[in-house]
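Chemist: Would you mind keeping the following structure in view while I ask a few things?
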Amino acid sequence: MELAIVDFSGALLVHDAHPFTDPDPRTFARTIDARLRGLAATHGVMRGRFLGVGIAVPGYALRADRNRRKVVDWLPPWNDVPLDEVIGDVLGMPVWIENEGTAAALAEYYQSGVIGQHRSVLVLFLGHGFGGGVVADRDLFSGEHANAGEVGRLFPGNGPRPSGIDLMATLKRSGVSIDSLAELADLMPKHPDIFEAWASRVAAQIEQAIISGVAWLDPGVVVLSGALPLPLLDDLTARVRILSDERNSGYFAEKPVILASSIGSKAVVVGAAMGPISAVTAKIGSH
């Protein structure tokens, strides 16, 4: 469980990581509440000045309600419950629920090399699963059913897909012991052939997802983000650029810049923390 506190410009003030395995959202909320109180006191942040709390959830929205989700298998109590109410009742402040990939897209858009130069960004997030998010004309785009960016649907879970779980399964099939994505960085130099073969296959899948999004959205920049080690994201990005250049040979219109994330796994928690700011400013801008 990661927690971030940001100011109204999106600058990261506090980042905290804490081991957590309980699948109950109420226990999650109570743990967040306790840690938030402690961090606020330690860093001199007045709790009463918080705008709210953003929660990034690994799952898609049900019935166009961003607060009700179908989540990953290891969090069954989170399925189809009003998470904003369940968690908000414990925290005593407004709660915004968002998908991991969409949260990451918000954080990546606000990075200095993106927000000042581009109006639209397509973000692909390689975490336990494969997701993404869209910022269109400087607004976070959720879609009519609150599931814009669900690019994982292009690669069903019963087959090879560009995800951290898929990479772990690939390593295990080769006899490598691994239990967490956090172990990948140490394993990369020990098993270069496995990572090379995986990256070659996955880069082609990612490029296919990118061209699909680019054809519809025409973004200024595409960002590869995720919970994978930053050197692996850099390698995948370099491979995707080569494939993209080959595909676009003979196409003379402007094409999006393809970048690797500079914040990696922190994109989700930073984007979640920025959720309340984004929601409120979007509401103000619509009036």
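Ordered as shown in the structure tokens, chains take letters A, B, and onward, while each chain numbers its residues from 1 and ligands are numbered from 1 in the order shown.
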Would you list, as JSON, numbers by chain, the residues of region 15-237 of chain A that end up in strand (DSSP E or B) under DSSP run on this structure's backbone?

Modeler: {"A": [15, 16, 17, 53, 54, 55, 56, 57, 59, 60, 61, 62, 65, 66, 67, 68, 69, 70, 71, 79, 95, 96, 97, 98, 99, 121, 122, 123, 124, 125, 126, 130, 131, 132, 133, 134, 135, 136, 139, 140, 141, 221, 222, 223, 224, 225, 226]}

Chemist: Return as a Markdown table the residues of region 2-114 of chain A lying at most 12 Å from region 252-275 of chain A, together with the closest atom-to-atom pair for each and the distance in Å to one decimal, counting only C-alpha atoms, with rows in chain order and ascending residue number.

Modeler:
| residue | atom | partner | partner_atom | distance |
| --- | --- | --- | --- | --- |
| A:Glu2 | CA | A:Val269 | CA | 6.3 |
| A:Leu3 | CA | A:Val269 | CA | 6.3 |
| A:Ala4 | CA | A:Ala273 | CA | 6.1 |
| A:Ile5 | CA | A:Ala273 | CA | 6.3 |
| A:Val6 | CA | A:Ala273 | CA | 6.4 |
| A:Asp7 | CA | A:Met274 | CA | 8.5 |
| A:Phe8 | CA | A:Met274 | CA | 8.1 |
| A:Ser9 | CA | A:Met274 | CA | 9.0 |
| A:Gly10 | CA | A:Met274 | CA | 6.3 |
| A:Ala11 | CA | A:Val270 | CA | 8.9 |
| A:Leu12 | CA | A:Val270 | CA | 7.3 |
| A:Leu13 | CA | A:Val270 | CA | 10.2 |
| A:Val14 | CA | A:Val270 | CA | 9.9 |
| A:His15 | CA | A:Val269 | CA | 8.6 |
| A:Asp16 | CA | A:Val269 | CA | 9.7 |
| A:Ala17 | CA | A:Val269 | CA | 10.0 |
| A:Phe50 | CA | A:Ala273 | CA | 10.6 |
| A:Leu51 | CA | A:Ala273 | CA | 10.0 |
| A:Gly52 | CA | A:Ala273 | CA | 8.6 |
| A:Val53 | CA | A:Ala273 | CA | 6.4 |
| A:Gly54 | CA | A:Ala272 | CA | 4.6 |
| A:Ile55 | CA | A:Ala272 | CA | 5.4 |
| A:Ala56 | CA | A:Ala272 | CA | 5.4 |
| A:Val57 | CA | A:Ala272 | CA | 9.2 |
| A:Pro58 | CA | A:Val268 | CA | 10.2 |
| A:Pro94 | CA | A:Gly275 | CA | 11.1 |
| A:Val95 | CA | A:Gly275 | CA | 9.1 |
| A:Trp96 | CA | A:Gly275 | CA | 6.5 |
| A:Ile97 | CA | A:Ala272 | CA | 8.1 |
| A:Glu98 | CA | A:Ala272 | CA | 7.1 |
| A:Asn99 | CA | A:Ala272 | CA | 8.8 |
| A:Glu100 | CA | A:Val268 | CA | 5.8 |
| A:Gly101 | CA | A:Val268 | CA | 7.2 |
| A:Thr102 | CA | A:Gly271 | CA | 7.9 |
| A:Ala103 | CA | A:Gly271 | CA | 4.3 |
| A:Ala104 | CA | A:Val268 | CA | 4.4 |
| A:Ala105 | CA | A:Gly271 | CA | 7.2 |
| A:Leu106 | CA | A:Gly271 | CA | 5.2 |
| A:Ala107 | CA | A:Gly271 | CA | 4.3 |
| A:Glu108 | CA | A:Ala267 | CA | 6.5 |
| A:Tyr109 | CA | A:Gly271 | CA | 9.3 |
| A:Tyr110 | CA | A:Gly271 | CA | 9.0 |
| A:Gln111 | CA | A:Ser262 | CA | 8.6 |
| A:Ser112 | CA | A:Ser262 | CA | 10.5 |
| A:Gly113 | CA | A:Leu259 | CA | 9.8 |
| A:Val114 | CA | A:Leu259 | CA | 9.6 |

Chemist: List the neighbours of Gly164 (chain A) out to 12 Å using only C-alpha atoms; skip same-chain residues closer than 4 positions along the sequence, and give me the result as a ChimeraX atom specification.

Modeler: /A:125-131,157,160,168-171,178-184,195,198-199,202,225-229,232-233,265

Chemist: With only C-alpha atoms as the counted atoms, please give the residues lying no more than 12 Å from Leu75 (chain A), apart from itself and same-chain residues fewer than 3 positions off, as a VMD selection string.

Modeler: chain A and resid 21 to 25 28 57 to 59 69 to 72 78 to 81

Chemist: Skip Arg68 (chain A) itself and residues of its chain fewer than 3 positions away, then list as a tab-separated table (two decimals) with C-alpha atoms, in the first residue's frame all residues within 7 Å of it, counting only C-alpha atoms.

Modeler:
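Wrote selection.tsv, looks like this:
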chain	number	residue	atom	x	y	z
A	61	ALA	CA	-16.05	0.30	-13.52
A	62	LEU	CA	-19.43	-1.46	-13.39
A	65	ASP	CA	-20.22	3.96	-11.88
A	80	ASP	CA	-19.30	-4.07	-6.77
A	81	VAL	CA	-19.49	-2.10	-3.52
A	82	PRO	CA	-19.77	1.72	-3.27
A	83	LEU	CA	-16.09	2.23	-2.48

Chemist: What is the distance, in Å and to one decimal place, between CA of Ser200 (chain A) and CA of Tyr251 (chain A)?

Modeler: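 A separation of 24.3 Å between them.
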
Chemist: Apply DSSP to the structure's backbone, then extract all residues of region 218-262 of chain A labelled alpha helix (DSSP H) and return them as a ChimeraX atom specification.

Modeler: /A:230-247

Chemist: Pick from A:Ser142, A:Leu124, A:Pro76, A:Asp186: nearest to Thr237 (chain A), with only C-alpha atoms counted?

Modeler: A:Leu124

Chemist: Which of these residues is nearest to Ala136 (chain A), using only C-alpha atoms: A:Ile211, A:Leu217, A:Ile165, A:Met188?

Modeler: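 Of the candidates, the smallest distance to Ala136 (chain A) is held by A:Leu217.
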
Chemist: Return the single residue from A:Ala64, A:Arg247, A:Thr27, A:Pro219 that is closest to Gly143 (chain A), with distances computed using only C-alpha atoms.

Modeler: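 Smallest separation from Gly143 (chain A) among the options: A:Ala64.
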
Chemist: I want to know what sits within 7 Å of Met1 (chain A), based on only C-alpha atoms, with residues of the same chain fewer than 6 positions away left out; could you give that as a list of chain:residue names?

Modeler: A:Ala17, A:His18, A:Pro19, A:Phe20

Chemist: Could you tell me how far CA of Phe155 (chain A) sits from CA of Ala203 (chain A), in Å to one decimal place?

Modeler: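 Separating CA of Ala203 (chain A) from CA of Phe155 (chain A) is a distance of 13.1 Å.
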
Chemist: What does the distance from CA of Gly132 (chain A) to CA of Gly149 (chain A) come to in Å, to one decimal?

Modeler: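 Spanning CA of Gly132 (chain A) to CA of Gly149 (chain A) is a straight-line distance of 4.4 Å.
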
Chemist: Fewer than 6 positions away in the same chain doesn't count, so skip those; otherwise give me all residues within 10 Å of Gln208 (chain A), counting only C-alpha atoms, as a PyMOL selection string.

Modeler: chain A and resi 154+202+240+243-244

Chemist: Write a file of the selected residues as a PDB file, in the first residue's frame, keeping C-alpha atoms.

Modeler:
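Output saved as part30.pdb:
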ATOM      1  CA  LEU A 154      -6.914  -6.336 -26.329  1.00  0.00           C
ATOM      2  CA  VAL A 202       5.753  -7.626 -25.533  1.00  0.00           C
ATOM      3  CA  VAL A 240       8.471   0.203 -29.532  1.00  0.00           C
ATOM      4  CA  LEU A 243       8.538  -0.800 -34.517  1.00  0.00           C
ATOM      5  CA  SER A 244       6.586   2.461 -34.702  1.00  0.00           C
TER       6      SER A 244
END

Chemist: Of the candidates A:Val45, A:Leu140, A:Glu246, A:Gln205, which shows the shortest atom-to-atom distance to Gly152 (chain A), using only C-alpha atoms?

Modeler: A:Gln205

Chemist: I need the residue nearest Leu230 (chain A) from this list: A:Val121, A:Leu36, A:Ala185, A:Ile277. Use only C-alpha atoms for the distance.

Modeler: A:Ala185
